[in-house]
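Below is one structure, written out as structure tokens; the observations come after it.
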Amino acid sequence: MKKLVAAALCAALLSACAHQAPRNPMATWVASPNFDERRPVVIVLHYTEQESVEQSLHTLRTANSGGPVSSHYLVGDDGGIYQLVADAHRAWHAGGGRWGTITDLNSASIGIEIDNDGREPFTEPQVEALLRLLDDLATRLRIPRSQVIGHSDLAPSRKIDPGALFPWRRLAEAGFGIWPADDAPPAPADFDAMRALEQVGYDTSHGDATIRAFRLRFRGDAATVLDDEDLRILHALTLPGGAGLLQPAPR
């Protein structure tokens, strides 16, 4: 019996050590209780560009042509939700890019892959499951509901997912991301579109690729020239206090 108790105590101690955060050997450890887990502040949406959940689950646990990849979640076209990486851990889904002042998106975000090949509509069960997942993450992790972006938003010169078919307005109607109000007024004559893109979060150093990313999200095409409707949308997105934004339907 004593041996069993000793073994149990040893196992408990080893388990505690295994979960203990690393400490700097240069410093004397004086523990403070005033801390919590690092929290993400952005949710990044992707499409898998593969043929099945099974294929994507394999890729997200191994590698693609660029090396090891992962995401926190994968949403199947039947509405199934899979978690691959703990929320508090850094998944490898975003790669290089920027959104606003954030330059290491992997460290600051939750990555959600959506089972879609980039050419087909997203299914109703899939969108419903994604909305439930977004509500859970925003509530539990206190991520601002406006901070839901696409991979193309943060990496416009490299990525186009979740693509022109993704239902961004549907998300905004549920309270996630941003979308212009239908009755938002035209932009004024002196409106600075590039500055507005930066206010929204885009890196304008990518030129035409940034405009393409904006139009993929808000116009559903890959054009690289801003027209009057784009200016109206950008003006609405940047009005103080969210005055030009579509308001979510009451829940």
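To be explicit about the labels: the chains of the structure tokens are called A, B, and onward in the order shown, and within each one the residues are counted from 1, while ligands get numbers from 1 in the order they are shown.
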Under the rule of at most 7 Å, produce a per-residue listing of stretch 135-210 of chain A near stretch 90-113 of chain A: chain, number, name, the closest pair of atoms, and the distance in Å, as a Markdown table, using only C-alpha atoms.
| residue | atom | partner | partner_atom | distance |
| --- | --- | --- | --- | --- |
| A:His151 | CA | A:Ala94 | CA | 6.7 |
| A:Leu154 | CA | A:Arg98 | CA | 5.0 |
| A:Ala155 | CA | A:Gly97 | CA | 4.8 |
| A:Gly201 | CA | A:Gly100 | CA | 4.1 |
| A:Tyr202 | CA | A:Trp99 | CA | 5.9 |
| A:Asp203 | CA | A:Arg98 | CA | 6.4 |
Strand (DSSP E or B) residues, from DSSP on the backbone, in stretch 96-231 of chain A, as a PDB file with all heavy atoms, in the first residue's frame:
ATOM      1  N   TRP A  99      -2.766  42.762 -39.484  1.00  0.00           N
ATOM      2  CA  TRP A  99      -4.116  43.314 -39.364  1.00  0.00           C
ATOM      3  C   TRP A  99      -4.059  44.433 -38.328  1.00  0.00           C
ATOM      4  O   TRP A  99      -3.769  44.186 -37.167  1.00  0.00           O
ATOM      5  CB  TRP A  99      -5.123  42.249 -38.947  1.00  0.00           C
ATOM      6  CG  TRP A  99      -6.532  42.754 -38.945  1.00  0.00           C
ATOM      7  CD1 TRP A  99      -7.339  42.937 -37.864  1.00  0.00           C
ATOM      8  CD2 TRP A  99      -7.292  43.165 -40.093  1.00  0.00           C
ATOM      9  NE1 TRP A  99      -8.552  43.417 -38.262  1.00  0.00           N
ATOM     10  CE2 TRP A  99      -8.560  43.573 -39.620  1.00  0.00           C
ATOM     11  CE3 TRP A  99      -7.034  43.223 -41.458  1.00  0.00           C
ATOM     12  CZ2 TRP A  99      -9.559  44.039 -40.481  1.00  0.00           C
ATOM     13  CZ3 TRP A  99      -8.025  43.686 -42.314  1.00  0.00           C
ATOM     14  CH2 TRP A  99      -9.273  44.078 -41.819  1.00  0.00           C
ATOM     15  N   ILE A 102      -1.318  44.448 -35.476  1.00  0.00           N
ATOM     16  CA  ILE A 102      -0.910  43.087 -35.124  1.00  0.00           C
ATOM     17  C   ILE A 102      -0.114  42.486 -36.271  1.00  0.00           C
ATOM     18  O   ILE A 102      -0.615  42.374 -37.394  1.00  0.00           O
ATOM     19  CB  ILE A 102      -2.125  42.204 -34.813  1.00  0.00           C
ATOM     20  CG1 ILE A 102      -2.981  42.817 -33.707  1.00  0.00           C
ATOM     21  CG2 ILE A 102      -1.672  40.800 -34.408  1.00  0.00           C
ATOM     22  CD1 ILE A 102      -4.309  42.112 -33.513  1.00  0.00           C
ATOM     23  N   SER A 109      -4.517  35.191 -32.375  1.00  0.00           N
ATOM     24  CA  SER A 109      -5.790  34.821 -32.993  1.00  0.00           C
ATOM     25  C   SER A 109      -6.188  33.377 -32.732  1.00  0.00           C
ATOM     26  O   SER A 109      -5.382  32.536 -32.341  1.00  0.00           O
ATOM     27  CB  SER A 109      -5.710  35.040 -34.509  1.00  0.00           C
ATOM     28  OG  SER A 109      -4.807  34.126 -35.094  1.00  0.00           O
ATOM     29  N   ILE A 110      -7.476  33.120 -32.989  1.00  0.00           N
ATOM     30  CA  ILE A 110      -8.017  31.776 -33.117  1.00  0.00           C
ATOM     31  C   ILE A 110      -8.221  31.515 -34.602  1.00  0.00           C
ATOM     32  O   ILE A 110      -8.801  32.343 -35.311  1.00  0.00           O
ATOM     33  CB  ILE A 110      -9.368  31.648 -32.388  1.00  0.00           C
ATOM     34  CG1 ILE A 110      -9.189  31.760 -30.868  1.00  0.00           C
ATOM     35  CG2 ILE A 110     -10.076  30.340 -32.751  1.00  0.00           C
ATOM     36  CD1 ILE A 110      -8.553  30.572 -30.212  1.00  0.00           C
ATOM     37  N   GLY A 111      -7.731  30.385 -35.102  1.00  0.00           N
ATOM     38  CA  GLY A 111      -7.891  30.039 -36.509  1.00  0.00           C
ATOM     39  C   GLY A 111      -8.990  29.007 -36.693  1.00  0.00           C
ATOM     40  O   GLY A 111      -9.012  27.979 -36.004  1.00  0.00           O
ATOM     41  N   ILE A 112      -9.917  29.292 -37.610  1.00  0.00           N
ATOM     42  CA  ILE A 112     -11.011  28.362 -37.924  1.00  0.00           C
ATOM     43  C   ILE A 112     -10.940  28.008 -39.403  1.00  0.00           C
ATOM     44  O   ILE A 112     -11.093  28.880 -40.263  1.00  0.00           O
ATOM     45  CB  ILE A 112     -12.387  28.961 -37.602  1.00  0.00           C
ATOM     46  CG1 ILE A 112     -12.486  29.359 -36.122  1.00  0.00           C
ATOM     47  CG2 ILE A 112     -13.501  27.956 -37.961  1.00  0.00           C
ATOM     48  CD1 ILE A 112     -13.795  30.028 -35.755  1.00  0.00           C
ATOM     49  N   GLU A 113     -10.699  26.759 -39.706  1.00  0.00           N
ATOM     50  CA  GLU A 113     -10.755  26.258 -41.072  1.00  0.00           C
ATOM     51  C   GLU A 113     -12.181  25.775 -41.357  1.00  0.00           C
ATOM     52  O   GLU A 113     -12.829  25.167 -40.495  1.00  0.00           O
ATOM     53  CB  GLU A 113      -9.779  25.091 -41.265  1.00  0.00           C
ATOM     54  CG  GLU A 113      -8.320  25.494 -41.231  1.00  0.00           C
ATOM     55  CD  GLU A 113      -7.824  26.021 -42.578  1.00  0.00           C
ATOM     56  OE1 GLU A 113      -8.622  26.021 -43.540  1.00  0.00           O
ATOM     57  OE2 GLU A 113      -6.645  26.415 -42.647  1.00  0.00           O
ATOM     58  N   ILE A 114     -12.650  26.052 -42.582  1.00  0.00           N
ATOM     59  CA  ILE A 114     -13.992  25.650 -42.986  1.00  0.00           C
ATOM     60  C   ILE A 114     -13.857  24.724 -44.191  1.00  0.00           C
ATOM     61  O   ILE A 114     -13.182  25.052 -45.165  1.00  0.00           O
ATOM     62  CB  ILE A 114     -14.854  26.874 -43.335  1.00  0.00           C
ATOM     63  CG1 ILE A 114     -14.867  27.857 -42.155  1.00  0.00           C
ATOM     64  CG2 ILE A 114     -16.279  26.452 -43.686  1.00  0.00           C
ATOM     65  CD1 ILE A 114     -15.452  29.211 -42.490  1.00  0.00           C
ATOM     66  N   VAL A 148     -13.636  39.558 -36.432  1.00  0.00           N
ATOM     67  CA  VAL A 148     -13.667  38.312 -37.197  1.00  0.00           C
ATOM     68  C   VAL A 148     -13.266  38.675 -38.619  1.00  0.00           C
ATOM     69  O   VAL A 148     -13.953  39.455 -39.282  1.00  0.00           O
ATOM     70  CB  VAL A 148     -15.059  37.667 -37.173  1.00  0.00           C
ATOM     71  CG1 VAL A 148     -15.062  36.380 -37.988  1.00  0.00           C
ATOM     72  CG2 VAL A 148     -15.504  37.391 -35.739  1.00  0.00           C
ATOM     73  N   ILE A 149     -12.148  38.131 -39.093  1.00  0.00           N
ATOM     74  CA  ILE A 149     -11.603  38.514 -40.393  1.00  0.00           C
ATOM     75  C   ILE A 149     -11.297  37.271 -41.222  1.00  0.00           C
ATOM     76  O   ILE A 149     -11.316  36.143 -40.716  1.00  0.00           O
ATOM     77  CB  ILE A 149     -10.326  39.367 -40.250  1.00  0.00           C
ATOM     78  CG1 ILE A 149      -9.189  38.550 -39.623  1.00  0.00           C
ATOM     79  CG2 ILE A 149     -10.609  40.622 -39.423  1.00  0.00           C
ATOM     80  CD1 ILE A 149      -7.838  39.258 -39.612  1.00  0.00           C
ATOM     81  N   GLY A 150     -10.997  37.489 -42.504  1.00  0.00           N
ATOM     82  CA  GLY A 150     -10.596  36.402 -43.374  1.00  0.00           C
ATOM     83  C   GLY A 150      -9.087  36.338 -43.519  1.00  0.00           C
ATOM     84  O   GLY A 150      -8.375  37.320 -43.271  1.00  0.00           O
ATOM     85  N   PRO A 180     -21.410  47.234 -43.964  1.00  0.00           N
ATOM     86  CA  PRO A 180     -22.006  48.569 -44.053  1.00  0.00           C
ATOM     87  C   PRO A 180     -23.531  48.521 -43.962  1.00  0.00           C
ATOM     88  O   PRO A 180     -24.171  47.596 -44.478  1.00  0.00           O
ATOM     89  CB  PRO A 180     -21.562  49.055 -45.433  1.00  0.00           C
ATOM     90  CG  PRO A 180     -21.394  47.795 -46.228  1.00  0.00           C
ATOM     91  CD  PRO A 180     -20.845  46.791 -45.259  1.00  0.00           C
TER      92      PRO A 180
END
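Proximity to A:Val200 at 8 Å, evaluated using only C-alpha atoms and with sequence-adjacent residues fewer than 2 positions away removed, yields Gly100, Ala196, Leu197, Glu198, Tyr202, Leu237 and Thr238 of chain A.
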Taking the backbone alone, and naming residues the way the document does, which bits of stretch 84-128 of chain A are alpha helix (DSSP H) by DSSP, as number ranges by chain?
-> A: 105-108, 124-128
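The shell of residues at most 9 Å from A:Gln126, with only C-alpha atoms counted and near chain neighbours (fewer than 6 positions) removed, consists of Val75, Gly76, Asp77, Asp78, Gly79, Gly80, Ile81, Ile114 and Asp115 of chain A.
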Mind writing the picked residues with C-alpha atoms as a compact mmCIF listing (two decimals), in the first residue's frame?
# COMPACT_ATOMS: atom_id res chain seq x y z
CA VAL A 75 -15.99 23.09 -39.39
CA GLY A 76 -17.31 20.36 -41.69
CA ASP A 77 -19.92 20.90 -44.38
CA ASP A 78 -22.33 18.77 -42.32
CA GLY A 79 -21.93 21.15 -39.35
CA GLY A 80 -19.49 19.00 -37.40
CA ILE A 81 -16.98 20.96 -35.33
CA ILE A 114 -13.99 25.65 -42.99
CA ASP A 115 -14.37 22.54 -45.15
By how many Å are atom CA of A:Ala209 and atom CA of A:Arg169 apart?
-> 21.8 Å
May I have the residues within 9 Å of A:Pro68 as a VMD selection string, using only C-alpha atoms and disregarding those fewer than 6 positions away in the same chain?
-> chain A and resid 59 to 62 92
Only N, CA, C and O atoms, please: the residues just picked out, written as a PDB file, in the first residue's frame.
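And here is the file that came out, out_20.pdb:
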ATOM      1  N   THR A  59      -4.184  16.872 -42.974  1.00  0.00           N
ATOM      2  CA  THR A  59      -3.267  17.972 -43.289  1.00  0.00           C
ATOM      3  C   THR A  59      -2.980  18.822 -42.063  1.00  0.00           C
ATOM      4  O   THR A  59      -1.829  19.207 -41.812  1.00  0.00           O
ATOM      5  N   LEU A  60      -4.032  19.133 -41.289  1.00  0.00           N
ATOM      6  CA  LEU A  60      -3.882  20.022 -40.130  1.00  0.00           C
ATOM      7  C   LEU A  60      -3.148  19.359 -38.969  1.00  0.00           C
ATOM      8  O   LEU A  60      -2.807  20.031 -37.990  1.00  0.00           O
ATOM      9  N   ARG A  61      -2.906  18.080 -39.082  1.00  0.00           N
ATOM     10  CA  ARG A  61      -2.104  17.387 -38.065  1.00  0.00           C
ATOM     11  C   ARG A  61      -0.735  16.991 -38.609  1.00  0.00           C
ATOM     12  O   ARG A  61       0.069  16.411 -37.879  1.00  0.00           O
ATOM     13  N   THR A  62      -0.472  17.314 -39.881  1.00  0.00           N
ATOM     14  CA  THR A  62       0.829  16.986 -40.474  1.00  0.00           C
ATOM     15  C   THR A  62       1.390  18.229 -41.172  1.00  0.00           C
ATOM     16  O   THR A  62       2.000  19.063 -40.534  1.00  0.00           O
ATOM     17  N   TRP A  92      -0.711  27.150 -36.079  1.00  0.00           N
ATOM     18  CA  TRP A  92       0.041  27.644 -37.236  1.00  0.00           C
ATOM     19  C   TRP A  92      -0.902  27.729 -38.433  1.00  0.00           C
ATOM     20  O   TRP A  92      -0.927  26.846 -39.286  1.00  0.00           O
TER      21      TRP A  92
END
Counting only C-alpha atoms, which of A:Arg212, A:Arg195, A:His206, A:His72 gets nearest to A:Leu226?
-> A:Arg212
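Checking A:Arg219, A:Arg232, A:Arg170, A:Lys159 one by one against A:Phe122, counting only C-alpha atoms, you find the shortest gap at A:Arg170.
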Could you build a table of the residues in stretch 120-194 of chain A lying no more than 12 Å from stretch 36-40 of chain A, giving for each the nearest pair of atoms and their separation in Å rounded to one decimal place, using only C-alpha atoms, ordered by chain and ascending residue number, as CSV?
residue,atom,partner,partner_atom,distance
A:Leu137,CA,A:Pro40,CA,9.8
A:Ala138,CA,A:Pro40,CA,10.0
A:Arg140,CA,A:Arg39,CA,10.4
A:Leu141,CA,A:Arg39,CA,6.8
A:Arg142,CA,A:Arg39,CA,8.3
A:Ile143,CA,A:Pro40,CA,6.8
A:Pro144,CA,A:Pro40,CA,9.9
A:Gln147,CA,A:Pro40,CA,10.3
A:Val148,CA,A:Pro40,CA,11.5
Please save C-alpha atoms of the selected residues as an mmCIF file, in the first residue's frame.
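And here's selection_6.cif as it stands now:
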data_model
loop_
_atom_site.group_PDB
_atom_site.id
_atom_site.type_symbol
_atom_site.label_atom_id
_atom_site.label_comp_id
_atom_site.auth_asym_id
_atom_site.auth_seq_id
_atom_site.Cartn_x
_atom_site.Cartn_y
_atom_site.Cartn_z
ATOM 1 C CA LEU A 137 -15.443 31.930 -28.628
ATOM 2 C CA ALA A 138 -16.472 35.584 -28.392
ATOM 3 C CA ARG A 140 -15.878 32.615 -23.446
ATOM 4 C CA LEU A 141 -12.608 34.235 -24.578
ATOM 5 C CA ARG A 142 -13.945 37.810 -24.633
ATOM 6 C CA ILE A 143 -12.880 38.352 -28.242
ATOM 7 C CA PRO A 144 -14.565 41.460 -29.726
ATOM 8 C CA GLN A 147 -12.791 41.168 -34.867
ATOM 9 C CA VAL A 148 -13.667 38.312 -37.197
#
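For the pair atom CA of A:Gln247 and atom CA of A:Tyr47, the separation is 26.0 Å.
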Selection near A:Asn116, 10 Å with only C-alpha atoms, sequence-local residues under 4 positions removed, as a PDB file with N, CA, C and O atoms, in the first residue's frame:
ATOM      1  N   HIS A  46     -10.743  30.653 -42.580  1.00  0.00           N
ATOM      2  CA  HIS A  46     -10.083  30.095 -43.758  1.00  0.00           C
ATOM      3  C   HIS A  46     -11.035  29.125 -44.453  1.00  0.00           C
ATOM      4  O   HIS A  46     -11.951  28.600 -43.831  1.00  0.00           O
ATOM      5  N   TYR A  47     -10.801  28.844 -45.726  1.00  0.00           N
ATOM      6  CA  TYR A  47     -11.350  27.614 -46.284  1.00  0.00           C
ATOM      7  C   TYR A  47     -10.207  26.642 -46.518  1.00  0.00           C
ATOM      8  O   TYR A  47      -9.051  27.035 -46.687  1.00  0.00           O
ATOM      9  N   THR A  48     -10.544  25.348 -46.499  1.00  0.00           N
ATOM     10  CA  THR A  48      -9.499  24.319 -46.537  1.00  0.00           C
ATOM     11  C   THR A  48      -8.920  24.126 -47.931  1.00  0.00           C
ATOM     12  O   THR A  48      -7.782  23.691 -48.078  1.00  0.00           O
ATOM     13  N   GLU A  49      -9.717  24.396 -48.970  1.00  0.00           N
ATOM     14  CA  GLU A  49      -9.329  24.150 -50.364  1.00  0.00           C
ATOM     15  C   GLU A  49      -8.945  22.684 -50.560  1.00  0.00           C
ATOM     16  O   GLU A  49      -8.051  22.345 -51.338  1.00  0.00           O
ATOM     17  N   GLN A  50      -9.669  21.810 -49.848  1.00  0.00           N
ATOM     18  CA  GLN A  50      -9.456  20.369 -49.993  1.00  0.00           C
ATOM     19  C   GLN A  50     -10.806  19.692 -50.211  1.00  0.00           C
ATOM     20  O   GLN A  50     -11.847  20.350 -50.251  1.00  0.00           O
ATOM     21  N   GLU A  51     -10.788  18.372 -50.355  1.00  0.00           N
ATOM     22  CA  GLU A  51     -11.980  17.658 -50.820  1.00  0.00           C
ATOM     23  C   GLU A  51     -12.830  17.049 -49.714  1.00  0.00           C
ATOM     24  O   GLU A  51     -13.951  16.633 -49.961  1.00  0.00           O
ATOM     25  N   SER A  52     -12.307  16.974 -48.491  1.00  0.00           N
ATOM     26  CA  SER A  52     -13.075  16.332 -47.419  1.00  0.00           C
ATOM     27  C   SER A  52     -12.539  16.732 -46.058  1.00  0.00           C
ATOM     28  O   SER A  52     -11.386  17.186 -45.935  1.00  0.00           O
ATOM     29  N   VAL A  53     -13.378  16.553 -45.041  1.00  0.00           N
ATOM     30  CA  VAL A  53     -12.948  16.774 -43.657  1.00  0.00           C
ATOM     31  C   VAL A  53     -11.792  15.849 -43.306  1.00  0.00           C
ATOM     32  O   VAL A  53     -10.832  16.258 -42.645  1.00  0.00           O
ATOM     33  N   SER A  56      -8.596  17.141 -44.639  1.00  0.00           N
ATOM     34  CA  SER A  56      -8.159  18.348 -43.928  1.00  0.00           C
ATOM     35  C   SER A  56      -7.674  18.032 -42.521  1.00  0.00           C
ATOM     36  O   SER A  56      -6.704  18.624 -42.044  1.00  0.00           O
ATOM     37  N   VAL A  75     -14.538  23.244 -39.295  1.00  0.00           N
ATOM     38  CA  VAL A  75     -15.992  23.089 -39.385  1.00  0.00           C
ATOM     39  C   VAL A  75     -16.318  22.332 -40.665  1.00  0.00           C
ATOM     40  O   VAL A  75     -15.984  22.785 -41.769  1.00  0.00           O
ATOM     41  N   GLY A  76     -16.962  21.173 -40.539  1.00  0.00           N
ATOM     42  CA  GLY A  76     -17.312  20.359 -41.689  1.00  0.00           C
ATOM     43  C   GLY A  76     -18.540  20.865 -42.413  1.00  0.00           C
ATOM     44  O   GLY A  76     -19.324  21.649 -41.852  1.00  0.00           O
ATOM     45  N   ASP A  77     -18.749  20.414 -43.644  1.00  0.00           N
ATOM     46  CA  ASP A  77     -19.916  20.897 -44.384  1.00  0.00           C
ATOM     47  C   ASP A  77     -21.221  20.319 -43.844  1.00  0.00           C
ATOM     48  O   ASP A  77     -22.305  20.812 -44.178  1.00  0.00           O
ATOM     49  N   GLU A 120     -17.422  26.156 -54.158  1.00  0.00           N
ATOM     50  CA  GLU A 120     -18.803  25.773 -53.867  1.00  0.00           C
ATOM     51  C   GLU A 120     -19.372  26.637 -52.754  1.00  0.00           C
ATOM     52  O   GLU A 120     -18.633  27.164 -51.916  1.00  0.00           O
ATOM     53  N   PRO A 121     -20.713  26.811 -52.727  1.00  0.00           N
ATOM     54  CA  PRO A 121     -21.324  27.575 -51.629  1.00  0.00           C
ATOM     55  C   PRO A 121     -21.088  26.878 -50.287  1.00  0.00           C
ATOM     56  O   PRO A 121     -20.959  25.655 -50.216  1.00  0.00           O
ATOM     57  N   PHE A 122     -21.041  27.674 -49.241  1.00  0.00           N
ATOM     58  CA  PHE A 122     -20.960  27.127 -47.892  1.00  0.00           C
ATOM     59  C   PHE A 122     -22.349  26.612 -47.510  1.00  0.00           C
ATOM     60  O   PHE A 122     -23.359  27.258 -47.804  1.00  0.00           O
ATOM     61  N   THR A 123     -22.405  25.452 -46.855  1.00  0.00           N
ATOM     62  CA  THR A 123     -23.695  24.832 -46.566  1.00  0.00           C
ATOM     63  C   THR A 123     -24.368  25.500 -45.367  1.00  0.00           C
ATOM     64  O   THR A 123     -23.715  26.104 -44.513  1.00  0.00           O
ATOM     65  N   GLN A 126     -23.201  24.163 -42.027  1.00  0.00           N
ATOM     66  CA  GLN A 126     -21.852  24.668 -41.780  1.00  0.00           C
ATOM     67  C   GLN A 126     -21.891  26.099 -41.239  1.00  0.00           C
ATOM     68  O   GLN A 126     -21.196  26.435 -40.264  1.00  0.00           O
ATOM     69  N   ASP A 161      -8.696  33.187 -49.327  1.00  0.00           N
ATOM     70  CA  ASP A 161      -9.739  32.549 -48.525  1.00  0.00           C
ATOM     71  C   ASP A 161     -10.205  33.460 -47.371  1.00  0.00           C
ATOM     72  O   ASP A 161      -9.424  34.288 -46.904  1.00  0.00           O
ATOM     73  N   PRO A 162     -11.461  33.329 -46.971  1.00  0.00           N
ATOM     74  CA  PRO A 162     -12.433  32.293 -47.321  1.00  0.00           C
ATOM     75  C   PRO A 162     -13.190  32.519 -48.628  1.00  0.00           C
ATOM     76  O   PRO A 162     -14.169  31.820 -48.898  1.00  0.00           O
ATOM     77  N   GLY A 163     -12.779  33.471 -49.448  1.00  0.00           N
ATOM     78  CA  GLY A 163     -13.256  33.551 -50.811  1.00  0.00           C
ATOM     79  C   GLY A 163     -14.491  34.397 -51.035  1.00  0.00           C
ATOM     80  O   GLY A 163     -15.156  34.851 -50.106  1.00  0.00           O
ATOM     81  N   PHE A 166     -18.055  33.444 -49.478  1.00  0.00           N
ATOM     82  CA  PHE A 166     -18.292  33.387 -48.032  1.00  0.00           C
ATOM     83  C   PHE A 166     -19.356  34.408 -47.619  1.00  0.00           C
ATOM     84  O   PHE A 166     -19.316  35.563 -48.044  1.00  0.00           O
TER      85      PHE A 166
END
Here atom CA of A:Ala193 and atom CA of A:Pro240 stand apart by 15.7 Å
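For A:Gly175, the set of protein, DNA and RNA residues having any atom at most 8 Å away, when counting only C-alpha atoms and skipping those fewer than 6 positions along the same chain, is Arg145, Ser146, Gln247, Pro248 and Ala249 of chain A.
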